[in-house]
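Engineer: Provided herewith: input_39.pdb, PDB, N, CA and C atoms.
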ATOM      1  N   MET A  12     117.444 114.939  95.705  1.00  0.00           N
ATOM      2  CA  MET A  12     116.625 114.145  94.817  1.00  0.00           C
ATOM      3  C   MET A  12     116.227 114.988  93.610  1.00  0.00           C
ATOM      4  N   ASP A  13     116.205 114.367  92.480  1.00  0.00           N
ATOM      5  CA  ASP A  13     115.823 115.124  91.290  1.00  0.00           C
ATOM      6  C   ASP A  13     114.301 115.117  91.102  1.00  0.00           C
ATOM      7  N   ARG A  14     113.856 116.045  90.319  1.00  0.00           N
ATOM      8  CA  ARG A  14     112.421 116.278  90.121  1.00  0.00           C
ATOM      9  C   ARG A  14     111.710 115.069  89.491  1.00  0.00           C
ATOM     10  N   LYS A  15     112.370 114.419  88.529  1.00  0.00           N
ATOM     11  CA  LYS A  15     111.768 113.279  87.854  1.00  0.00           C
ATOM     12  C   LYS A  15     111.511 112.134  88.834  1.00  0.00           C
ATOM     13  N   TYR A  16     112.467 111.873  89.702  1.00  0.00           N
ATOM     14  CA  TYR A  16     112.316 110.823  90.707  1.00  0.00           C
ATOM     15  C   TYR A  16     111.155 111.143  91.643  1.00  0.00           C
ATOM     16  N   LEU A  17     111.061 112.406  92.073  1.00  0.00           N
ATOM     17  CA  LEU A  17     109.972 112.807  92.965  1.00  0.00           C
ATOM     18  C   LEU A  17     108.616 112.635  92.281  1.00  0.00           C
ATOM     19  N   GLN A  18     108.538 112.967  91.003  1.00  0.00           N
ATOM     20  CA  GLN A  18     107.280 112.820  90.267  1.00  0.00           C
ATOM     21  C   GLN A  18     106.889 111.347  90.131  1.00  0.00           C
ATOM     22  N   GLU A  19     107.871 110.481  89.898  1.00  0.00           N
ATOM     23  CA  GLU A  19     107.595 109.047  89.809  1.00  0.00           C
ATOM     24  C   GLU A  19     107.103 108.498  91.149  1.00  0.00           C
ATOM     25  N   CYS A  20     107.748 108.915  92.210  1.00  0.00           N
ATOM     26  CA  CYS A  20     107.327 108.480  93.545  1.00  0.00           C
ATOM     27  C   CYS A  20     105.919 108.975  93.858  1.00  0.00           C
ATOM     28  N   LEU A  21     105.649 110.214  93.505  1.00  0.00           N
ATOM     29  CA  LEU A  21     104.329 110.791  93.750  1.00  0.00           C
ATOM     30  C   LEU A  21     103.258 110.019  92.980  1.00  0.00           C
ATOM     31  N   ALA A  22     103.522 109.688  91.737  1.00  0.00           N
ATOM     32  CA  ALA A  22     102.564 108.926  90.935  1.00  0.00           C
ATOM     33  C   ALA A  22     102.309 107.554  91.557  1.00  0.00           C
ATOM     34  N   LYS A  23     103.379 106.914  92.036  1.00  0.00           N
ATOM     35  CA  LYS A  23     103.242 105.596  92.671  1.00  0.00           C
ATOM     36  C   LYS A  23     102.389 105.684  93.928  1.00  0.00           C
ATOM     37  N   TRP A  24     102.641 106.700  94.756  1.00  0.00           N
ATOM     38  CA  TRP A  24     101.888 106.847  95.998  1.00  0.00           C
ATOM     39  C   TRP A  24     100.428 107.209  95.737  1.00  0.00           C
ATOM     40  N   LYS A  25     100.167 107.985  94.688  1.00  0.00           N
ATOM     41  CA  LYS A  25      98.778 108.318  94.354  1.00  0.00           C
ATOM     42  C   LYS A  25      98.030 107.075  93.881  1.00  0.00           C
ATOM     43  N   THR A  26      98.701 106.215  93.115  1.00  0.00           N
ATOM     44  CA  THR A  26      98.088 104.963  92.672  1.00  0.00           C
ATOM     45  C   THR A  26      97.808 104.054  93.867  1.00  0.00           C
ATOM     46  N   THR A  27      98.765 103.982  94.776  1.00  0.00           N
ATOM     47  CA  THR A  27      98.598 103.174  95.979  1.00  0.00           C
ATOM     48  C   THR A  27      97.437 103.709  96.808  1.00  0.00           C
ATOM     49  N   HIS A  28      97.375 105.012  96.976  1.00  0.00           N
ATOM     50  CA  HIS A  28      96.298 105.635  97.754  1.00  0.00           C
ATOM     51  C   HIS A  28      94.938 105.328  97.129  1.00  0.00           C
ATOM     52  N   ALA A  29      94.844 105.414  95.814  1.00  0.00           N
ATOM     53  CA  ALA A  29      93.579 105.138  95.131  1.00  0.00           C
ATOM     54  C   ALA A  29      93.140 103.685  95.357  1.00  0.00           C
ATOM     55  N   ALA A  30      94.081 102.746  95.277  1.00  0.00           N
ATOM     56  CA  ALA A  30      93.763 101.333  95.495  1.00  0.00           C
ATOM     57  C   ALA A  30      93.306 101.094  96.931  1.00  0.00           C
ATOM     58  N   LEU A  31      93.990 101.710  97.890  1.00  0.00           N
ATOM     59  CA  LEU A  31      93.608 101.559  99.292  1.00  0.00           C
ATOM     60  C   LEU A  31      92.224 102.152  99.554  1.00  0.00           C
ATOM     61  N   MET A  32      91.943 103.310  98.958  1.00  0.00           N
ATOM     62  CA  MET A  32      90.635 103.946  99.142  1.00  0.00           C
ATOM     63  C   MET A  32      89.524 103.103  98.518  1.00  0.00           C
ATOM     64  N   ASP A  33      89.780 102.525  97.352  1.00  0.00           N
ATOM     65  CA  ASP A  33      88.784 101.646  96.719  1.00  0.00           C
ATOM     66  C   ASP A  33      88.450 100.469  97.635  1.00  0.00           C
ATOM     67  N   ALA A  34      89.482  99.861  98.193  1.00  0.00           N
ATOM     68  CA  ALA A  34      89.284  98.728  99.093  1.00  0.00           C
ATOM     69  C   ALA A  34      88.517  99.158 100.336  1.00  0.00           C
ATOM     70  N   TYR A  35      88.921 100.269 100.921  1.00  0.00           N
ATOM     71  CA  TYR A  35      88.279 100.757 102.141  1.00  0.00           C
ATOM     72  C   TYR A  35      86.801 101.040 101.907  1.00  0.00           C
ATOM     73  N   LEU A  36      86.497 101.752 100.830  1.00  0.00           N
ATOM     74  CA  LEU A  36      85.105 102.101 100.542  1.00  0.00           C
ATOM     75  C   LEU A  36      84.261 100.865 100.231  1.00  0.00           C
ATOM     76  N   ALA A  37      84.821  99.920  99.515  1.00  0.00           N
ATOM     77  CA  ALA A  37      84.084  98.695  99.203  1.00  0.00           C
ATOM     78  C   ALA A  37      83.761  97.918 100.472  1.00  0.00           C
ATOM     79  N   LEU A  38      84.707  97.861 101.390  1.00  0.00           N
ATOM     80  CA  LEU A  38      84.471  97.131 102.637  1.00  0.00           C
ATOM     81  C   LEU A  38      83.523  97.884 103.567  1.00  0.00           C
ATOM     82  N   VAL A  39      83.618  99.201 103.594  1.00  0.00           N
ATOM     83  CA  VAL A  39      82.749  99.994 104.475  1.00  0.00           C
ATOM     84  C   VAL A  39      81.301  99.945 103.995  1.00  0.00           C
ATOM     85  N   LYS A  40      81.111 100.045 102.691  1.00  0.00           N
ATOM     86  CA  LYS A  40      79.750 100.017 102.139  1.00  0.00           C
ATOM     87  C   LYS A  40      79.082  98.668 102.355  1.00  0.00           C
ATOM     88  N   GLY A  41      79.876  97.629 102.533  1.00  0.00           N
ATOM     89  CA  GLY A  41      79.321  96.317 102.826  1.00  0.00           C
ATOM     90  C   GLY A  41      78.887  95.532 101.607  1.00  0.00           C
ATOM     91  N   GLY A  42      79.203  96.002 100.431  1.00  0.00           N
ATOM     92  CA  GLY A  42      78.813  95.290  99.222  1.00  0.00           C
ATOM     93  C   GLY A  42      79.621  94.021  98.996  1.00  0.00           C
ATOM     94  N   VAL A  43      80.780  93.934  99.645  1.00  0.00           N
ATOM     95  CA  VAL A  43      81.645  92.766  99.486  1.00  0.00           C
ATOM     96  C   VAL A  43      82.074  92.263 100.859  1.00  0.00           C
ATOM     97  N   LYS A  44      82.392  90.984 100.933  1.00  0.00           N
ATOM     98  CA  LYS A  44      82.877  90.423 102.198  1.00  0.00           C
ATOM     99  C   LYS A  44      84.391  90.474 102.279  1.00  0.00           C
ATOM    100  N   SER A  45      85.041  90.489 101.114  1.00  0.00           N
ATOM    101  CA  SER A  45      86.500  90.603 101.078  1.00  0.00           C
ATOM    102  C   SER A  45      86.880  91.370  99.825  1.00  0.00           C
ATOM    103  N   TYR A  46      88.096  91.889  99.829  1.00  0.00           N
ATOM    104  CA  TYR A  46      88.581  92.698  98.717  1.00  0.00           C
ATOM    105  C   TYR A  46      90.036  92.315  98.471  1.00  0.00           C
ATOM    106  N   MET A  47      90.397  92.182  97.207  1.00  0.00           N
ATOM    107  CA  MET A  47      91.768  91.797  96.859  1.00  0.00           C
ATOM    108  C   MET A  47      92.542  92.992  96.312  1.00  0.00           C
ATOM    109  N   ILE A  48      93.732  93.218  96.862  1.00  0.00           N
ATOM    110  CA  ILE A  48      94.699  94.171  96.318  1.00  0.00           C
ATOM    111  C   ILE A  48      95.949  93.351  96.034  1.00  0.00           C
ATOM    112  N   ASP A  49      96.258  93.217  94.767  1.00  0.00           N
ATOM    113  CA  ASP A  49      97.364  92.359  94.325  1.00  0.00           C
ATOM    114  C   ASP A  49      97.189  90.966  94.919  1.00  0.00           C
ATOM    115  N   ASP A  50      98.066  90.565  95.834  1.00  0.00           N
ATOM    116  CA  ASP A  50      97.960  89.234  96.421  1.00  0.00           C
ATOM    117  C   ASP A  50      97.418  89.268  97.849  1.00  0.00           C
ATOM    118  N   ARG A  51      96.962  90.429  98.293  1.00  0.00           N
ATOM    119  CA  ARG A  51      96.415  90.564  99.651  1.00  0.00           C
ATOM    120  C   ARG A  51      94.901  90.485  99.628  1.00  0.00           C
ATOM    121  N   GLN A  52      94.348  89.696 100.527  1.00  0.00           N
ATOM    122  CA  GLN A  52      92.903  89.638 100.664  1.00  0.00           C
ATOM    123  C   GLN A  52      92.527  90.344 101.956  1.00  0.00           C
ATOM    124  N   LEU A  53      91.662  91.346 101.842  1.00  0.00           N
ATOM    125  CA  LEU A  53      91.264  92.151 102.988  1.00  0.00           C
ATOM    126  C   LEU A  53      89.810  91.895 103.339  1.00  0.00           C
ATOM    127  N   THR A  54      89.508  91.935 104.627  1.00  0.00           N
ATOM    128  CA  THR A  54      88.136  91.799 105.100  1.00  0.00           C
ATOM    129  C   THR A  54      87.811  93.002 105.977  1.00  0.00           C
ATOM    130  N   ARG A  55      86.604  93.034 106.505  1.00  0.00           N
ATOM    131  CA  ARG A  55      86.201  94.150 107.367  1.00  0.00           C
ATOM    132  C   ARG A  55      87.082  94.237 108.614  1.00  0.00           C
ATOM    133  N   PHE A  56      87.647  93.129 109.030  1.00  0.00           N
ATOM    134  CA  PHE A  56      88.523  93.139 110.204  1.00  0.00           C
ATOM    135  C   PHE A  56      89.815  93.906 109.938  1.00  0.00           C
ATOM    136  N   ASP A  57      90.135  94.117 108.676  1.00  0.00           N
ATOM    137  CA  ASP A  57      91.349  94.832 108.294  1.00  0.00           C
ATOM    138  C   ASP A  57      91.134  96.344 108.163  1.00  0.00           C
ATOM    139  N   LEU A  58      89.932  96.836 108.449  1.00  0.00           N
ATOM    140  CA  LEU A  58      89.650  98.264 108.262  1.00  0.00           C
ATOM    141  C   LEU A  58      90.568  99.189 109.067  1.00  0.00           C
ATOM    142  N   PRO A  59      90.849  98.912 110.345  1.00  0.00           N
ATOM    143  CA  PRO A  59      91.759  99.815 111.076  1.00  0.00           C
ATOM    144  C   PRO A  59      93.168  99.858 110.463  1.00  0.00           C
ATOM    145  N   THR A  60      93.679  98.717 110.055  1.00  0.00           N
ATOM    146  CA  THR A  60      94.996  98.660 109.418  1.00  0.00           C
ATOM    147  C   THR A  60      94.963  99.386 108.082  1.00  0.00           C
ATOM    148  N   LEU A  61      93.901  99.195 107.350  1.00  0.00           N
ATOM    149  CA  LEU A  61      93.738  99.851 106.059  1.00  0.00           C
ATOM    150  C   LEU A  61      93.670 101.367 106.227  1.00  0.00           C
ATOM    151  N   ARG A  62      92.976 101.819 107.267  1.00  0.00           N
ATOM    152  CA  ARG A  62      92.875 103.264 107.535  1.00  0.00           C
ATOM    153  C   ARG A  62      94.254 103.852 107.846  1.00  0.00           C
ATOM    154  N   LYS A  63      95.065 103.123 108.609  1.00  0.00           N
ATOM    155  CA  LYS A  63      96.429 103.579 108.905  1.00  0.00           C
ATOM    156  C   LYS A  63      97.256 103.705 107.635  1.00  0.00           C
ATOM    157  N   GLN A  64      97.125 102.716 106.751  1.00  0.00           N
ATOM    158  CA  GLN A  64      97.875 102.736 105.507  1.00  0.00           C
ATOM    159  C   GLN A  64      97.427 103.893 104.616  1.00  0.00           C
ATOM    160  N   ILE A  65      96.141 104.206 104.623  1.00  0.00           N
ATOM    161  CA  ILE A  65      95.634 105.342 103.850  1.00  0.00           C
ATOM    162  C   ILE A  65      96.213 106.639 104.401  1.00  0.00           C
ATOM    163  N   ASP A  66      96.223 106.772 105.730  1.00  0.00           N
ATOM    164  CA  ASP A  66      96.781 107.980 106.355  1.00  0.00           C
ATOM    165  C   ASP A  66      98.266 108.139 106.024  1.00  0.00           C
ATOM    166  N   GLU A  67      99.007 107.031 106.067  1.00  0.00           N
ATOM    167  CA  GLU A  67     100.433 107.076 105.736  1.00  0.00           C
ATOM    168  C   GLU A  67     100.646 107.487 104.281  1.00  0.00           C
ATOM    169  N   ALA A  68      99.809 106.966 103.386  1.00  0.00           N
ATOM    170  CA  ALA A  68      99.922 107.320 101.970  1.00  0.00           C
ATOM    171  C   ALA A  68      99.620 108.799 101.767  1.00  0.00           C
ATOM    172  N   GLU A  69      98.616 109.322 102.468  1.00  0.00           N
ATOM    173  CA  GLU A  69      98.278 110.742 102.353  1.00  0.00           C
ATOM    174  C   GLU A  69      99.412 111.628 102.861  1.00  0.00           C
ATOM    175  N   GLU A  70     100.056 111.204 103.951  1.00  0.00           N
ATOM    176  CA  GLU A  70     101.198 111.960 104.471  1.00  0.00           C
ATOM    177  C   GLU A  70     102.351 111.962 103.476  1.00  0.00           C
ATOM    178  N   LYS A  71     102.613 110.817 102.889  1.00  0.00           N
ATOM    179  CA  LYS A  71     103.713 110.705 101.921  1.00  0.00           C
ATOM    180  C   LYS A  71     103.424 111.546 100.680  1.00  0.00           C
ATOM    181  N   ILE A  72     102.166 111.550 100.220  1.00  0.00           N
ATOM    182  CA  ILE A  72     101.780 112.361  99.063  1.00  0.00           C
ATOM    183  C   ILE A  72     101.992 113.838  99.367  1.00  0.00           C
ATOM    184  N   ALA A  73     101.564 114.278 100.547  1.00  0.00           N
ATOM    185  CA  ALA A  73     101.737 115.679 100.930  1.00  0.00           C
ATOM    186  C   ALA A  73     103.214 116.049 101.008  1.00  0.00           C
ATOM    187  N   GLU A  74     104.023 115.147 101.540  1.00  0.00           N
ATOM    188  CA  GLU A  74     105.469 115.369 101.652  1.00  0.00           C
ATOM    189  C   GLU A  74     106.118 115.504 100.267  1.00  0.00           C
ATOM    190  N   LEU A  75     105.750 114.621  99.352  1.00  0.00           N
ATOM    191  CA  LEU A  75     106.319 114.658  98.005  1.00  0.00           C
ATOM    192  C   LEU A  75     105.854 115.884  97.227  1.00  0.00           C
ATOM    193  N   GLU A  76     104.583 116.259  97.387  1.00  0.00           N
ATOM    194  CA  GLU A  76     104.085 117.460  96.710  1.00  0.00           C
ATOM    195  C   GLU A  76     104.791 118.705  97.230  1.00  0.00           C
ATOM    196  N   ALA A  77     105.045 118.739  98.535  1.00  0.00           N
ATOM    197  CA  ALA A  77     105.769 119.868  99.109  1.00  0.00           C
ATOM    198  C   ALA A  77     107.192 119.927  98.547  1.00  0.00           C
ATOM    199  N   ALA A  78     107.837 118.772  98.422  1.00  0.00           N
ATOM    200  CA  ALA A  78     109.200 118.731  97.878  1.00  0.00           C
ATOM    201  C   ALA A  78     109.217 119.192  96.419  1.00  0.00           C
ATOM    202  N   LEU A  79     108.197 118.812  95.661  1.00  0.00           N
ATOM    203  CA  LEU A  79     108.125 119.235  94.256  1.00  0.00           C
ATOM    204  C   LEU A  79     107.891 120.736  94.120  1.00  0.00           C
ATOM    205  N   ASN A  80     107.204 121.316  95.093  1.00  0.00           N
ATOM    206  CA  ASN A  80     106.919 122.754  95.060  1.00  0.00           C
ATOM    207  C   ASN A  80     107.947 123.566  95.839  1.00  0.00           C
ATOM    208  N   ASN A  81     109.079 122.933  96.171  1.00  0.00           N
ATOM    209  CA  ASN A  81     110.165 123.574  96.914  1.00  0.00           C
ATOM    210  C   ASN A  81     109.716 124.161  98.244  1.00  0.00           C
ATOM    211  N   LYS A  82     108.824 123.451  98.907  1.00  0.00           N
ATOM    212  CA  LYS A  82     108.392 123.855 100.236  1.00  0.00           C
ATOM    213  C   LYS A  82     108.870 122.799 101.223  1.00  0.00           C
ATOM    214  N   ARG A  83     109.090 123.242 102.420  1.00  0.00           N
ATOM    215  CA  ARG A  83     109.468 122.289 103.444  1.00  0.00           C
ATOM    216  C   ARG A  83     108.232 121.508 103.882  1.00  0.00           C
ATOM    217  N   PRO A  84     108.399 120.233 104.207  1.00  0.00           N
ATOM    218  CA  PRO A  84     107.247 119.470 104.689  1.00  0.00           C
ATOM    219  C   PRO A  84     106.779 120.023 106.035  1.00  0.00           C
ATOM    220  N   ARG A  85     105.532 119.770 106.321  1.00  0.00           N
ATOM    221  CA  ARG A  85     104.988 120.244 107.590  1.00  0.00           C
ATOM    222  C   ARG A  85     105.746 119.613 108.740  1.00  0.00           C
ATOM    223  N   LYS A  86     105.969 120.395 109.767  1.00  0.00           N
ATOM    224  CA  LYS A  86     106.622 119.864 110.946  1.00  0.00           C
ATOM    225  C   LYS A  86     105.563 119.447 111.950  1.00  0.00           C
ATOM    226  N   ALA A  87     105.781 118.314 112.547  1.00  0.00           N
ATOM    227  CA  ALA A  87     104.874 117.854 113.587  1.00  0.00           C
ATOM    228  C   ALA A  87     105.361 118.402 114.920  1.00  0.00           C
ATOM    229  N   PHE A  88     104.441 118.763 115.748  1.00  0.00           N
ATOM    230  CA  PHE A  88     104.812 119.198 117.084  1.00  0.00           C
ATOM    231  C   PHE A  88     103.765 118.690 118.046  1.00  0.00           C
ATOM    232  N   ALA A  89     104.127 118.666 119.286  1.00  0.00           N
ATOM    233  CA  ALA A  89     103.213 118.153 120.301  1.00  0.00           C
ATOM    234  C   ALA A  89     103.177 119.115 121.476  1.00  0.00           C
ATOM    235  N   VAL A  90     102.075 119.094 122.162  1.00  0.00           N
ATOM    236  CA  VAL A  90     101.932 119.866 123.382  1.00  0.00           C
ATOM    237  C   VAL A  90     101.961 118.866 124.517  1.00  0.00           C
ATOM    238  N   LEU A  91     102.900 119.071 125.396  1.00  0.00           N
ATOM    239  CA  LEU A  91     103.037 118.159 126.526  1.00  0.00           C
ATOM    240  C   LEU A  91     102.526 118.836 127.795  1.00  0.00           C
ATOM    241  N   PRO A  92     101.410 118.374 128.328  1.00  0.00           N
ATOM    242  CA  PRO A  92     100.930 118.975 129.569  1.00  0.00           C
ATOM    243  C   PRO A  92     101.850 118.586 130.716  1.00  0.00           C
ATOM    244  N   ARG A  93     102.105 119.521 131.583  1.00  0.00           N
ATOM    245  CA  ARG A  93     102.967 119.253 132.741  1.00  0.00           C
ATOM    246  C   ARG A  93     102.269 119.689 134.013  1.00  0.00           C
ATOM    247  N   GLU A  94     102.509 118.941 135.024  1.00  0.00           N
ATOM    248  CA  GLU A  94     101.978 119.327 136.327  1.00  0.00           C
ATOM    249  C   GLU A  94     103.075 120.026 137.091  1.00  0.00           C
ATOM    250  N   TRP A  95     102.794 121.209 137.572  1.00  0.00           N
ATOM    251  CA  TRP A  95     103.802 121.965 138.316  1.00  0.00           C
ATOM    252  C   TRP A  95     103.576 121.780 139.747  1.00  0.00           C
TER     253      TRP A  95
END
For the file at hand, write its structure as structure tokens.
Structural biologist:
Amino acid sequence: MDRKYLQECLAKWKTTHAALMDAYLALVKGGVKSYMIDDRQLTRFDLPTLRKQIDEAEEKIAELEAALNNKRPRKAFAVLPREW
């Protein structure tokens, strides 16, 4: 992937993250009963889904920033407990 494409993707994901955070904060503070993002109407019942989308956007931003800085993205690993 070329650098320009990565920068465009990063800008898009940062804009998306900002919109999701605005919606999340508005709903958490309780000042509004619903919040509109483009054609989606969100309510307090959508907070868990919204939180997942924010986390995904943050992961994608970190991945793209790492690619722009010529670093490998973080590797996920798990610890599996075993009974012997």
Engineer: Would you kindly return, as a VMD selection string, each protein, DNA or RNA residue with an atom no farther than 7 Å from any atom of A:His28, considering only C-alpha atoms and excluding same-chain residues fewer than 4 positions away?
Structural biologist: chain A and resid 24 32 65 68
Engineer: Hey, which of A:Asp13, A:Thr60, A:Lys71, A:Gln52 ends up closest to A:Lys25? Count all atoms listed in the file.
Structural biologist: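 The shortest atom-to-atom distance to A:Lys25 comes from A:Lys71.
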Engineer: Tell me, in Å to one decimal, how far atom CA of A:Leu79 is from atom CA of A:Leu31.
Structural biologist: 23.4 Å
Engineer: Between atom N of A:Ser45 and atom N of A:Leu58, measure the distance and give it in Å to one decimal.
Structural biologist: 10.9 Å
Engineer: Counting all atoms listed in the file, figure out which residue out of A:Ala30, A:Met47, A:Cys20, A:Leu61 gets nearest to A:Leu75.
Structural biologist: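 So, comparing all the options, the nearest one is A:Cys20.
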Engineer: Among chain A, which residues carry a DSSP assignment of helix (DSSP H, G or I), reported as a PyMOL selection string?
Structural biologist: chain A and resi 14-40+55-79
